[in-house]
Structures are given as structure tokens and as C-alpha cells.
>>> print(open('upload_13.txt').read())   # compact mmCIF, C-alpha atoms and all ligand atoms
# COMPACT_ATOMS: atom_id res chain seq x y z
CA MET A 1 124.37 54.00 169.99
CA VAL A 2 120.69 54.99 169.85
CA ARG A 3 118.47 52.68 171.90
CA LYS A 4 115.15 51.81 170.28
CA PRO A 5 112.11 53.39 172.02
CA VAL A 6 109.83 50.49 172.99
CA THR A 7 106.97 49.31 175.18
CA LEU A 8 107.83 46.40 177.48
CA ILE A 9 105.25 43.67 178.17
CA THR A 10 106.08 41.20 180.94
CA GLY A 11 104.09 37.99 181.22
CA ALA A 12 103.76 38.35 177.44
CA SER A 13 103.05 34.63 176.89
CA GLY A 14 100.02 34.77 179.15
CA GLU A 15 96.41 35.25 178.07
CA VAL A 16 96.40 39.03 178.59
CA GLY A 17 99.85 39.32 176.99
CA PHE A 18 98.74 37.58 173.80
CA GLY A 19 95.71 39.84 173.53
CA LEU A 20 97.78 42.96 174.12
CA ILE A 21 100.44 42.06 171.53
CA GLU A 22 97.71 41.33 168.96
CA ARG A 23 95.96 44.62 169.66
CA PHE A 24 99.20 46.58 169.34
CA ALA A 25 99.88 44.77 166.04
CA GLU A 26 96.36 45.64 164.78
CA ARG A 27 97.21 49.31 165.46
CA GLY A 28 100.48 48.96 163.55
CA ASP A 29 102.57 49.31 166.70
CA SER A 30 105.35 46.74 166.72
CA ASP A 31 107.73 48.59 169.02
CA ILE A 32 107.06 45.94 171.63
CA VAL A 33 109.56 43.97 173.70
CA ALA A 34 107.94 40.84 175.08
CA LEU A 35 109.36 39.19 178.21
CA ASP A 36 108.17 35.90 179.67
CA LEU A 37 109.48 32.79 181.40
CA ASN A 38 107.98 30.81 178.54
CA GLU A 39 109.05 31.24 174.94
CA LEU A 40 106.73 33.46 172.90
CA PRO A 41 105.12 31.50 170.02
CA ASP A 42 106.48 32.45 166.58
CA GLU A 43 103.18 34.07 165.54
CA HIS A 44 103.37 36.60 168.42
CA ARG A 45 107.16 36.93 168.23
CA ALA A 46 106.74 38.20 164.66
CA MET A 47 104.54 41.03 165.99
CA CYS A 48 107.26 42.31 168.36
CA ALA A 49 110.54 44.20 168.00
CA GLY A 50 112.08 41.83 170.53
CA ALA A 51 111.11 38.74 172.52
CA ILE A 52 113.11 37.69 175.58
CA THR A 53 112.67 34.45 177.48
CA GLY A 54 113.63 35.19 181.05
CA ASP A 55 112.70 35.93 184.64
CA ILE A 56 111.66 39.31 186.04
CA LEU A 57 113.70 38.32 189.14
CA ASP A 58 116.90 38.13 187.06
CA GLN A 59 118.73 41.42 187.73
CA ASN A 60 121.26 40.75 184.93
CA LEU A 61 118.42 40.37 182.46
CA LEU A 62 116.82 43.63 183.61
CA GLU A 63 120.22 45.40 183.31
CA ARG A 64 120.43 44.10 179.73
CA LEU A 65 117.00 45.52 179.00
CA ILE A 66 118.19 48.95 180.18
CA SER A 67 121.27 48.76 177.95
CA GLU A 68 119.40 47.65 174.84
CA TYR A 69 116.09 49.50 174.94
CA GLU A 70 114.62 52.91 175.69
CA ILE A 71 111.46 51.89 177.53
CA HIS A 72 108.62 54.43 177.56
CA ALA A 73 105.78 52.21 178.82
CA ILE A 74 105.57 48.93 180.74
CA TYR A 75 102.59 46.56 180.88
CA HIS A 76 103.61 44.39 183.80
CA LEU A 77 101.41 41.29 183.46
CA ALA A 78 103.75 38.65 184.95
CA ALA A 79 102.21 37.18 188.11
CA LEU A 80 101.30 33.99 189.94
CA LEU A 81 97.49 33.93 190.25
CA SER A 82 95.47 33.36 193.41
CA THR A 83 95.16 29.57 193.67
CA ARG A 84 98.77 28.88 192.67
CA SER A 85 99.96 31.59 195.08
CA GLU A 86 98.23 29.81 197.99
CA PHE A 87 100.29 26.68 197.33
CA THR A 88 103.57 28.59 197.01
CA PRO A 89 103.16 31.83 199.00
CA ASP A 90 106.89 32.58 199.26
CA THR A 91 107.36 32.23 195.51
CA ALA A 92 104.23 34.33 194.99
CA HIS A 93 105.70 37.09 197.15
CA ARG A 94 108.97 37.00 195.22
CA VAL A 95 107.34 37.05 191.78
CA ASN A 96 104.32 39.25 192.51
CA VAL A 97 105.99 41.79 194.84
CA GLU A 98 109.78 41.70 194.37
CA GLY A 99 109.33 41.16 190.63
CA THR A 100 106.98 44.14 190.45
CA LEU A 101 109.38 46.32 192.48
CA ASN A 102 112.18 45.31 190.08
CA LEU A 103 110.09 46.56 187.16
CA ILE A 104 109.09 49.78 188.95
CA ARG A 105 112.78 50.45 189.65
CA LEU A 106 113.54 49.75 185.97
CA ALA A 107 110.86 52.28 184.98
CA HIS A 108 112.46 54.83 187.33
CA GLU A 109 115.93 54.14 185.84
CA GLN A 110 114.64 54.46 182.29
CA ALA A 111 112.80 57.73 183.07
CA ARG A 112 116.07 59.15 184.42
CA TRP A 113 117.90 58.15 181.21
CA HIS A 114 115.45 59.53 178.66
CA GLY A 115 113.90 62.27 180.78
CA ASN A 116 110.25 61.34 180.17
CA PRO A 117 107.74 59.65 182.49
CA VAL A 118 107.36 55.88 181.99
CA ARG A 119 103.73 54.75 182.02
CA PHE A 120 103.49 51.64 184.18
CA LEU A 121 100.30 49.65 183.66
CA PHE A 122 99.61 47.19 186.47
CA PRO A 123 96.75 44.66 186.38
CA SER A 124 95.44 44.42 189.93
CA SER A 125 92.45 42.32 190.85
CA ILE A 126 89.17 41.95 192.75
CA ALA A 127 91.31 39.68 194.94
CA VAL A 128 92.35 42.81 196.88
CA TYR A 129 88.83 42.81 198.39
CA GLY A 130 87.87 40.60 201.34
CA LEU A 131 84.20 40.31 202.39
CA PRO A 132 83.90 38.52 205.77
CA ASP A 133 80.75 36.48 204.99
CA LEU A 134 78.04 35.96 202.37
CA ALA A 135 75.47 38.15 204.14
CA THR A 136 77.92 41.07 204.11
CA LYS A 137 78.81 40.29 200.47
CA ARG A 138 75.15 40.41 199.47
CA ARG A 139 74.56 43.65 201.43
CA ALA A 140 77.73 45.29 200.07
CA GLY A 141 76.65 44.93 196.41
CA ARG A 142 78.87 46.96 194.03
CA ILE A 143 82.11 47.67 195.92
CA ARG A 144 83.96 50.97 195.48
CA GLU A 145 87.82 51.06 195.32
CA SER A 146 88.19 52.29 198.92
CA GLU A 147 85.95 49.64 200.49
CA TRP A 148 86.81 46.22 201.98
CA ASN A 149 90.51 46.28 201.04
CA LEU A 150 91.07 43.22 203.25
CA PRO A 151 92.50 40.50 200.99
CA THR A 152 92.40 36.91 202.30
CA THR A 153 94.86 35.42 199.75
CA MET A 154 98.60 35.88 199.30
CA TYR A 155 97.89 37.00 195.71
CA GLY A 156 95.37 39.57 196.92
CA CYS A 157 97.87 40.84 199.53
CA ASN A 158 100.56 41.04 196.83
CA LYS A 159 98.32 43.02 194.48
CA CYS A 160 97.15 45.31 197.30
CA TYR A 161 100.72 46.15 198.33
CA CYS A 162 101.94 46.66 194.76
CA GLU A 163 99.11 49.16 194.21
CA GLN A 164 100.50 51.11 197.18
CA LEU A 165 104.08 50.80 195.86
CA GLY A 166 102.98 52.25 192.54
CA ARG A 167 101.13 55.10 194.22
CA TYR A 168 104.24 55.82 196.38
CA TYR A 169 106.54 55.99 193.35
CA SER A 170 104.09 58.20 191.46
CA GLU A 171 103.03 60.51 194.29
CA HIS A 172 105.49 60.42 197.24
CA PHE A 173 108.86 59.32 195.88
CA ARG A 174 111.84 60.35 198.07
CA GLN A 175 109.67 62.94 199.84
CA LEU A 176 112.48 63.71 202.33
CA SER A 177 115.12 64.49 199.71
CA ALA A 178 116.61 68.03 199.65
CA GLU A 179 114.86 68.90 196.39
CA ALA A 180 111.54 67.44 195.24
CA THR A 181 112.37 64.73 192.71
CA SER A 182 109.84 62.84 190.57
CA SER A 183 110.49 59.13 190.14
CA GLY A 184 109.32 59.42 186.53
CA VAL A 185 107.07 56.41 187.14
CA ASP A 186 103.49 57.10 185.98
CA PHE A 187 101.78 54.12 187.67
CA ARG A 188 98.23 53.22 186.62
CA SER A 189 96.25 50.15 187.65
CA VAL A 190 92.93 48.45 186.93
CA ARG A 191 91.43 45.88 189.30
CA PHE A 192 90.37 43.15 186.91
CA PRO A 193 87.37 40.94 187.66
CA GLY A 194 87.43 37.33 186.43
CA LEU A 195 88.83 37.57 182.88
CA ILE A 196 87.42 35.13 180.30
CA SER A 197 89.37 34.49 177.09
CA ALA A 198 87.98 32.57 174.12
CA VAL A 199 91.54 31.77 173.06
CA THR A 200 93.33 30.59 176.19
CA ILE A 201 92.38 28.90 179.46
CA PRO A 202 94.03 30.53 182.49
CA SER A 203 95.80 28.37 185.04
CA GLY A 204 96.26 28.92 188.72
CA GLY A 205 93.40 31.36 189.18
CA THR A 206 90.34 30.93 191.37
CA SER A 207 88.02 32.61 188.87
CA ASP A 208 89.20 30.13 186.20
CA TYR A 209 85.98 28.08 186.53
CA ALA A 210 84.24 30.41 184.07
CA ALA A 211 86.73 29.88 181.24
CA GLU A 212 87.13 26.19 182.14
CA MET A 213 83.33 25.65 181.95
CA ILE A 214 82.97 27.33 178.57
CA HIS A 215 85.99 25.65 176.97
CA ALA A 216 84.99 22.19 178.32
CA ALA A 217 81.48 22.61 176.82
CA ALA A 218 82.96 23.59 173.45
CA ARG A 219 85.23 20.51 173.55
CA GLY A 220 82.24 18.30 174.42
CA GLU A 221 83.75 17.40 177.78
CA ALA A 222 81.86 17.12 181.06
CA TYR A 223 82.82 19.80 183.61
CA GLU A 224 82.72 19.67 187.42
CA CYS A 225 82.59 23.25 188.67
CA PHE A 226 84.66 23.79 191.84
CA VAL A 227 82.35 26.53 193.17
CA GLY A 228 78.66 26.30 194.01
CA GLU A 229 75.77 27.53 191.82
CA GLU A 230 75.27 30.61 193.99
CA ALA A 231 78.91 31.77 193.80
CA ARG A 232 78.84 35.21 192.25
CA ILE A 233 81.65 37.55 191.12
CA PRO A 234 82.09 40.13 188.35
CA PHE A 235 83.54 39.07 184.98
CA MET A 236 84.85 40.61 181.78
CA VAL A 237 85.84 39.07 178.46
CA MET A 238 89.43 39.53 177.32
CA PRO A 239 88.83 42.17 174.57
CA ASP A 240 87.37 44.48 177.24
CA GLY A 241 90.32 43.74 179.53
CA ILE A 242 92.76 44.80 176.80
CA LYS A 243 90.60 47.86 176.05
CA ALA A 244 90.68 48.93 179.72
CA LEU A 245 94.51 48.68 179.91
CA LEU A 246 95.04 50.65 176.70
CA GLN A 247 92.41 53.27 177.51
CA LEU A 248 93.88 53.90 180.97
CA ALA A 249 97.38 54.04 179.45
CA GLU A 250 96.31 56.74 177.00
CA ALA A 251 94.34 58.88 179.47
CA PRO A 252 95.97 62.27 180.17
CA VAL A 253 97.48 62.05 183.67
CA GLU A 254 95.66 65.23 184.69
CA CYS A 255 92.34 63.36 184.23
CA LEU A 256 93.26 60.70 186.80
CA SER A 257 91.90 61.36 190.28
CA GLN A 258 93.59 58.16 191.52
CA ARG A 259 96.06 55.49 190.48
CA VAL A 260 93.85 52.40 190.89
CA TYR A 261 90.45 51.84 189.25
CA ASN A 262 87.74 49.21 189.29
CA VAL A 263 86.58 48.00 185.89
CA THR A 264 83.87 45.44 185.21
CA SER A 265 81.39 44.25 182.64
CA PHE A 266 78.89 41.73 184.06
CA SER A 267 78.24 39.97 187.36
CA LEU A 268 77.15 36.33 187.11
CA SER A 269 76.50 33.46 189.51
CA ALA A 270 78.05 30.15 188.47
CA GLY A 271 74.49 28.82 187.96
CA GLU A 272 73.63 31.71 185.61
CA LEU A 273 76.93 31.12 183.79
CA ARG A 274 75.91 27.47 183.26
CA GLU A 275 72.64 28.61 181.68
CA TYR A 276 74.46 30.81 179.15
CA VAL A 277 76.88 27.97 178.37
CA ARG A 278 74.03 25.45 177.94
CA LYS A 279 72.20 27.86 175.60
CA ALA A 280 75.33 27.96 173.43
CA PHE A 281 76.25 24.27 173.86
CA PRO A 282 72.95 22.40 174.60
CA ASN A 283 74.68 19.06 175.23
CA ALA A 284 77.06 20.51 177.79
CA GLU A 285 77.35 18.31 180.90
CA ILE A 286 78.03 20.67 183.80
CA CYS A 287 77.68 19.83 187.49
CA PHE A 288 78.69 21.62 190.69
CA LYS A 289 81.13 19.92 193.04
CA PRO A 290 82.35 22.76 195.27
CA ASP A 291 85.92 22.57 196.55
CA GLY A 292 85.18 24.14 199.94
CA LYS A 293 88.48 25.98 200.28
CA ARG A 294 88.62 27.43 196.75
CA ALA A 295 84.91 28.24 196.86
CA ALA A 296 85.50 30.07 200.14
CA ILE A 297 87.99 32.39 198.38
CA ILE A 298 85.37 33.31 195.78
CA ASP A 299 82.91 34.06 198.60
CA THR A 300 85.30 36.74 199.94
CA TRP A 301 85.42 38.50 196.55
CA PRO A 302 82.70 41.05 195.74
CA ALA A 303 79.51 40.14 193.85
CA ASP A 304 80.19 43.22 191.74
CA VAL A 305 82.35 46.36 191.70
CA ASP A 306 81.51 50.02 191.10
CA ASP A 307 83.52 51.33 188.12
CA THR A 308 81.94 54.81 188.13
CA LEU A 309 85.30 56.54 188.70
CA ALA A 310 86.89 54.86 185.66
CA THR A 311 83.95 56.05 183.55
CA ARG A 312 84.17 59.57 184.99
CA ASP A 313 87.97 59.97 184.76
CA TRP A 314 88.85 58.16 181.51
CA GLU A 315 85.47 57.33 179.89
CA TRP A 316 85.66 53.59 180.60
CA ARG A 317 82.73 51.46 179.44
CA PRO A 318 82.80 47.81 178.39
CA ASP A 319 81.99 46.81 174.82
CA PHE A 320 80.65 43.38 175.84
CA ASP A 321 77.74 42.78 178.21
CA VAL A 322 77.06 39.11 178.97
CA LYS A 323 74.77 38.53 175.96
CA ARG A 324 77.16 40.14 173.49
CA ALA A 325 80.13 38.44 175.17
CA PHE A 326 78.61 35.01 174.42
CA ASP A 327 76.99 35.77 171.06
CA GLU A 328 79.74 37.85 169.44
CA TYR A 329 82.98 36.79 171.14
CA LEU A 330 83.04 33.60 173.23
CA VAL A 331 80.87 31.18 171.21
CA PRO A 332 82.02 32.07 167.67
CA THR A 333 85.71 32.28 168.64
CA ILE A 334 85.77 29.12 170.76
CA SER A 335 83.71 27.17 168.19
CA ARG A 336 86.26 28.07 165.48
CA GLN A 337 89.07 27.04 167.80
CA TYR A 338 87.56 23.58 168.41
CA GLN A 339 85.89 23.38 165.00
CA VAL A 340 82.51 22.94 166.74
C1 LIG B 1 92.48 34.79 189.83
O1 LIG B 1 91.47 34.09 189.86
O2 LIG B 1 93.43 34.65 190.59
C2 LIG B 1 92.54 35.93 188.82
C3 LIG B 1 91.95 37.15 189.41
C4 LIG B 1 90.52 37.26 189.66
O3 LIG B 1 92.67 38.09 189.66
N1 LIG B 1 91.83 35.55 187.61
>>> encode(input="upload_13.txt", output="C-alpha cells")
Amino acid sequence: MVRKPVTLITGASGEVGFGLIERFAERGDSDIVALDLNELPDEHRAMCAGAITGDILDQNLLERLISEYEIHAIYHLAALLSTRSEFTPDTAHRVNVEGTLNLIRLAHEQARWHGNPVRFLFPSSIAVYGLPDLATKRRAGRIRESEWNLPTTMYGCNKCYCEQLGRYYSEHFRQLSAEATSSGVDFRSVRFPGLISAVTIPSGGTSDYAAEMIHAAARGEAYECFVGEEARIPFMVMPDGIKALLQLAEAPVECLSQRVYNVTSFSLSAGELREYVRKAFPNAEICFKPDGKRAAIIDTWPADVDDTLATRDWEWRPDFDVKRAFDEYLVPTISRQYQV
């Protein structure tokens, strides 16, 4: 029995997953197996070779994947985001760390079967950074990958550790074995800033206020922002997030000087964000009612990140700066969605 060569996407029913499936379909690549806890909508299911509703913690399910498919690349998007992970840290550890290790082991098993490396794309996050106070955050400016890796959330700790797991499997696997053996896992990761989709509203993230503010304005609903006007982090719109994952996946491994890269597009304060939203939706009612604890998480994340290495190693550059993001992606797409 010949197993079908495919790309596996976990967390496929999430906002990044939808975008990735659509982009693969645009390129005529339907050799996708989508896995998510939630059923994949029919429209996206039709773009895939297979769609499985299940849990990345279910070993029997993962065994079935190995028996049915020949997996050559994995986009492991399934995760509990930062706010939700604070409320259920044990579940976050299981999903974000044990789930990721399950998928890394599956990549290793698959590489042994078909004899080729399995590219493992892992979305990390600016949540791996932890600035101790606002004065330091302001002074630090654009953070490089090696700086301030002191996460203050369970999600940030999970992402930080999984980056190290991926680097271990790719660079130091079974280093004490009699003969040097490669794991076959070609781990690659981008640290996403706040991702803003015109199509979906994320849930359970701390950077969600950006998408929530824009979508509420388009729906004509008042919005109370849970961070203060001065809160500043880097952002990127979803098309650039998908572009970064695919571009890193396709980079020749010999071009990669490291396994984890910053990527960003624009840095905005919540007050500046409100101005862009009001320009697009003049009647938008937006006020700031900071939730001290959630706002404090945002204050530990960098105002901006330095993505020089991604540009140098695999020619990363965003398509959408903040003006183009609003004018050519967010406003037209959201307006169509809500028939504004
Ligand atoms: C979150 O807010 O948890 C995520 C992230 C920045 O990684 N959107």
C-alpha cells in the first residue's frame, strides 16, 4: 500500500490554519491533511486531501496518521494562546508542550519511514520575551532573538521551551549514541507578533484587542479596549504571517543560521491603532478600560522586534505596512464580511 505524501496542518480550524489552507489551494497544492479539535468547515475541507477532527494528545490518532499518510512537512499551529493558558496552565502545558513533542516525535518517525527530513514549522511568539518594566521596554526598542528570553506567561514559557526542543531534535538529537544519527526533523520557527486577521477574530490571546477593535468598529459596535492607549507591541496582518511561514519552509536549510526567527511588520500603540480604525470607521466608539493584569502582560512584551536575521537568511520582508494593511487588506475585507 502506497501512503500518500502530504503536508500536515494541526490547528487547521484556527485563523492561521484557514489562511494557510487557502494559500496552499491558491498554489494548487491540495496534498494537505488538516487536523483540529473542531470540525473543518466544508469550504476548507474541500481544499484538503484529508480532514481529521481530533486531539494532538491522542496517541491512537497520531498512530493512525502514521499508517495512512507519508508526511513530509508539518505546520503545527495547534495551541492555547496566552490569556487562556493563564486560566488553565496545566492544560496549556499538555497541549502546547506535550502536544508539540508528540508532533515532533511523529515527524521523527515519518522521517525514518520515508528517509527524508520532515520540515516542522512552529509558530512561536513575542510572548517568549519578558521586559521587567516600561522604562526598560522603551530603552530596549527592537529586540533581537537572543535578548530578554524571560517569558512571564505559561504560554510564553511553553513556546520558549518548544523552540529549544525543536533545536535539540534538529541539531543535537541522541548525541551520545554510538553513531551520529539525525532525527530527520528540520525544525523552523518564527516568533509571531500580534497577528490581525480580517476574516477571523482570535480568542484567548492577549494581543487580541487589535482584531477585536477593528471588527467591533466594522460591526458598528462600541469597543472597550482592555489595554491602555500607550500599550505598544509589534503587529502583522495574517497574509504576511502566512507568507513568513511558507517562505521559511521553502528556504534552503544551508541558508539558516538559526532555527528561530523574529518577524514583524509594524509597531503600534493601542492609541495609534484607534486612530487608524477611526479613519476607516469614523463612527467607531472606542474607549480604553485597561484590565490591569492583562495589560501588564502586554507591558512585558517588546515594543518591537528586530527581524534583520530573517531578512538576511531567507529574504523576509512584509508586504503590508500599517497603511497598506488597513487600506488594502483589513478595511476592504472586513467591510465585505459585514457588508459595511
Ligand atoms: C497571544 O496574544 O497570545 C498571541 C501571541 C502574541 O502569541 N496572539
>>> closest_residue(input="upload_13.txt", among="A:Ala12, A:Ala127, A:Ile143, A:Ala218", to="ligand LIG 1 (chain B)", atoms="only C-alpha atoms and all ligand atoms")
A:Ala127
>>> closest_residue(input="upload_13.txt", among="A:Ile126, A:Val199, A:Val277, A:Val2", to="ligand LIG 1 (chain B)", atoms="all atoms listed in the file")
A:Ile126
>>> closest_residue(input="upload_13.txt", among="A:Ser257, A:Ser183, A:Asn38, A:Thr83", to="ligand LIG 1 (chain B)", atoms="all atoms listed in the file")
A:Thr83
>>> residues_around(input="upload_13.txt", residues="Asp304 in chain A", least_positions_apart="2", cutoff="6 Å", atoms="all atoms listed in the file", output="list in words")
Arg142, Ile233, Pro234, Ser267 and Pro302 of chain A
>>> closest_atom_pairs(input="upload_13.txt", of="chain A", to="ligand LIG 1 (chain B)", cutoff="6 Å", atoms="only C-alpha atoms and all ligand atoms", output="Markdown table")
| residue | atom | partner | partner_atom | distance |
| --- | --- | --- | --- | --- |
| A:Leu81 | CA | B:LIG1 | O2 | 4.1 |
| A:Ser82 | CA | B:LIG1 | O2 | 3.7 |
| A:Ser125 | CA | B:LIG1 | O3 | 4.4 |
| A:Ile126 | CA | B:LIG1 | C4 | 5.8 |
| A:Ala127 | CA | B:LIG1 | O3 | 5.7 |
| A:Pro193 | CA | B:LIG1 | C4 | 5.2 |
| A:Gly194 | CA | B:LIG1 | C4 | 4.5 |
| A:Leu195 | CA | B:LIG1 | N1 | 6.0 |
| A:Gly205 | CA | B:LIG1 | O1 | 3.4 |
| A:Thr206 | CA | B:LIG1 | O1 | 3.7 |
| A:Ser207 | CA | B:LIG1 | O1 | 3.9 |
| A:Asp208 | CA | B:LIG1 | O1 | 5.9 |
>>> residues_around(input="upload_13.txt", residues="Tyr75 in chain A", least_positions_apart="4", cutoff="9 Å", atoms="all atoms listed in the file", output="JSON, numbers by chain")
{"A": [7, 8, 9, 10, 11, 12, 17, 119, 120, 121, 122, 123, 245]}
>>> residues_around(input="upload_13.txt", residues="Gln258 in chain A", least_positions_apart="3", cutoff="10 Å", atoms="all atoms listed in the file", output="ChimeraX atom specification")
/A:145,167,187-189,253,255,261,309-310,313
>>> atom_distance(input="upload_13.txt", atom1="CA of Asn283 in chain A", atom2="CA of Glu221 in chain A")
9.6 Å
>>> closest_residue(input="upload_13.txt", among="A:Leu101, A:Val263, A:Ile66, A:Ile286", to="Val237 in chain A", atoms="only C-alpha atoms")
A:Val263
>>> decode(input="upload_13.txt", residues="range 300-325 of chain A", atoms="N, CA and C atoms", output="CSV table (one decimal), in the first residue's frame")
chain,number,residue,atom,x,y,z
A,300,THR,N,5.0,43.5,29.2
A,300,THR,CA,6.3,42.7,29.3
A,300,THR,C,6.8,42.3,27.9
A,301,TRP,N,5.9,42.5,26.9
A,301,TRP,CA,6.2,42.1,25.5
A,301,TRP,C,6.9,43.3,24.9
A,302,PRO,N,7.8,43.1,23.9
A,302,PRO,CA,8.6,44.2,23.3
A,302,PRO,C,7.8,45.1,22.5
A,303,ALA,N,8.2,46.4,22.5
A,303,ALA,CA,7.6,47.4,21.7
A,303,ALA,C,7.7,47.1,20.2
A,304,ASP,N,8.9,46.4,19.9
A,304,ASP,CA,9.1,46.0,18.5
A,304,ASP,C,10.2,44.9,18.5
A,305,VAL,N,10.4,44.2,17.4
A,305,VAL,CA,11.4,43.2,17.4
A,305,VAL,C,12.3,43.5,16.1
A,306,ASP,N,13.5,43.0,16.2
A,306,ASP,CA,14.5,43.1,15.1
A,306,ASP,C,14.4,41.9,14.2
A,307,ASP,N,14.0,42.0,13.0
A,307,ASP,CA,13.9,40.8,12.1
A,307,ASP,C,14.9,40.8,11.0
A,308,THR,N,16.1,41.5,11.3
A,308,THR,CA,17.2,41.6,10.4
A,308,THR,C,17.7,40.2,9.9
A,309,LEU,N,17.8,39.2,10.9
A,309,LEU,CA,18.3,37.9,10.6
A,309,LEU,C,17.4,37.2,9.6
A,310,ALA,N,16.1,37.3,9.7
A,310,ALA,CA,15.1,36.7,8.8
A,310,ALA,C,15.3,37.3,7.4
A,311,THR,N,15.5,38.6,7.3
A,311,THR,CA,15.8,39.2,6.0
A,311,THR,C,17.1,38.7,5.4
A,312,ARG,N,18.1,38.6,6.3
A,312,ARG,CA,19.4,38.2,5.8
A,312,ARG,C,19.4,36.8,5.3
A,313,ASP,N,18.8,35.9,6.2
A,313,ASP,CA,18.9,34.4,5.9
A,313,ASP,C,17.9,33.9,4.8
A,314,TRP,N,16.7,34.5,4.9
A,314,TRP,CA,15.7,33.9,3.9
A,314,TRP,C,14.9,35.0,3.3
A,315,GLU,N,15.5,36.2,3.2
A,315,GLU,CA,14.9,37.3,2.4
A,315,GLU,C,13.5,37.8,2.9
A,316,TRP,N,13.3,37.6,4.2
A,316,TRP,CA,12.0,38.0,4.7
A,316,TRP,C,11.8,39.5,4.6
A,317,ARG,N,10.6,40.0,4.1
A,317,ARG,CA,10.1,41.3,4.3
A,317,ARG,C,8.6,41.3,4.1
A,318,PRO,N,7.9,42.1,5.0
A,318,PRO,CA,6.5,42.1,5.0
A,318,PRO,C,5.9,42.8,3.7
A,319,ASP,N,4.8,42.3,3.2
A,319,ASP,CA,4.1,43.0,2.1
A,319,ASP,C,3.3,44.2,2.6
A,320,PHE,N,2.8,44.1,3.9
A,320,PHE,CA,1.9,45.1,4.4
A,320,PHE,C,2.5,45.9,5.5
A,321,ASP,N,2.7,47.2,5.3
A,321,ASP,CA,3.0,48.1,6.4
A,321,ASP,C,1.6,48.6,6.9
A,322,VAL,N,1.6,49.4,7.9
A,322,VAL,CA,0.3,49.7,8.6
A,322,VAL,C,-0.7,50.3,7.7
A,323,LYS,N,-0.2,51.3,6.8
A,323,LYS,CA,-1.2,52.0,5.9
A,323,LYS,C,-1.7,51.0,4.9
A,324,ARG,N,-0.9,50.2,4.3
A,324,ARG,CA,-1.3,49.2,3.3
A,324,ARG,C,-2.2,48.1,3.9
A,325,ALA,N,-1.9,47.8,5.2
A,325,ALA,CA,-2.6,46.7,5.9
A,325,ALA,C,-4.1,47.2,6.0
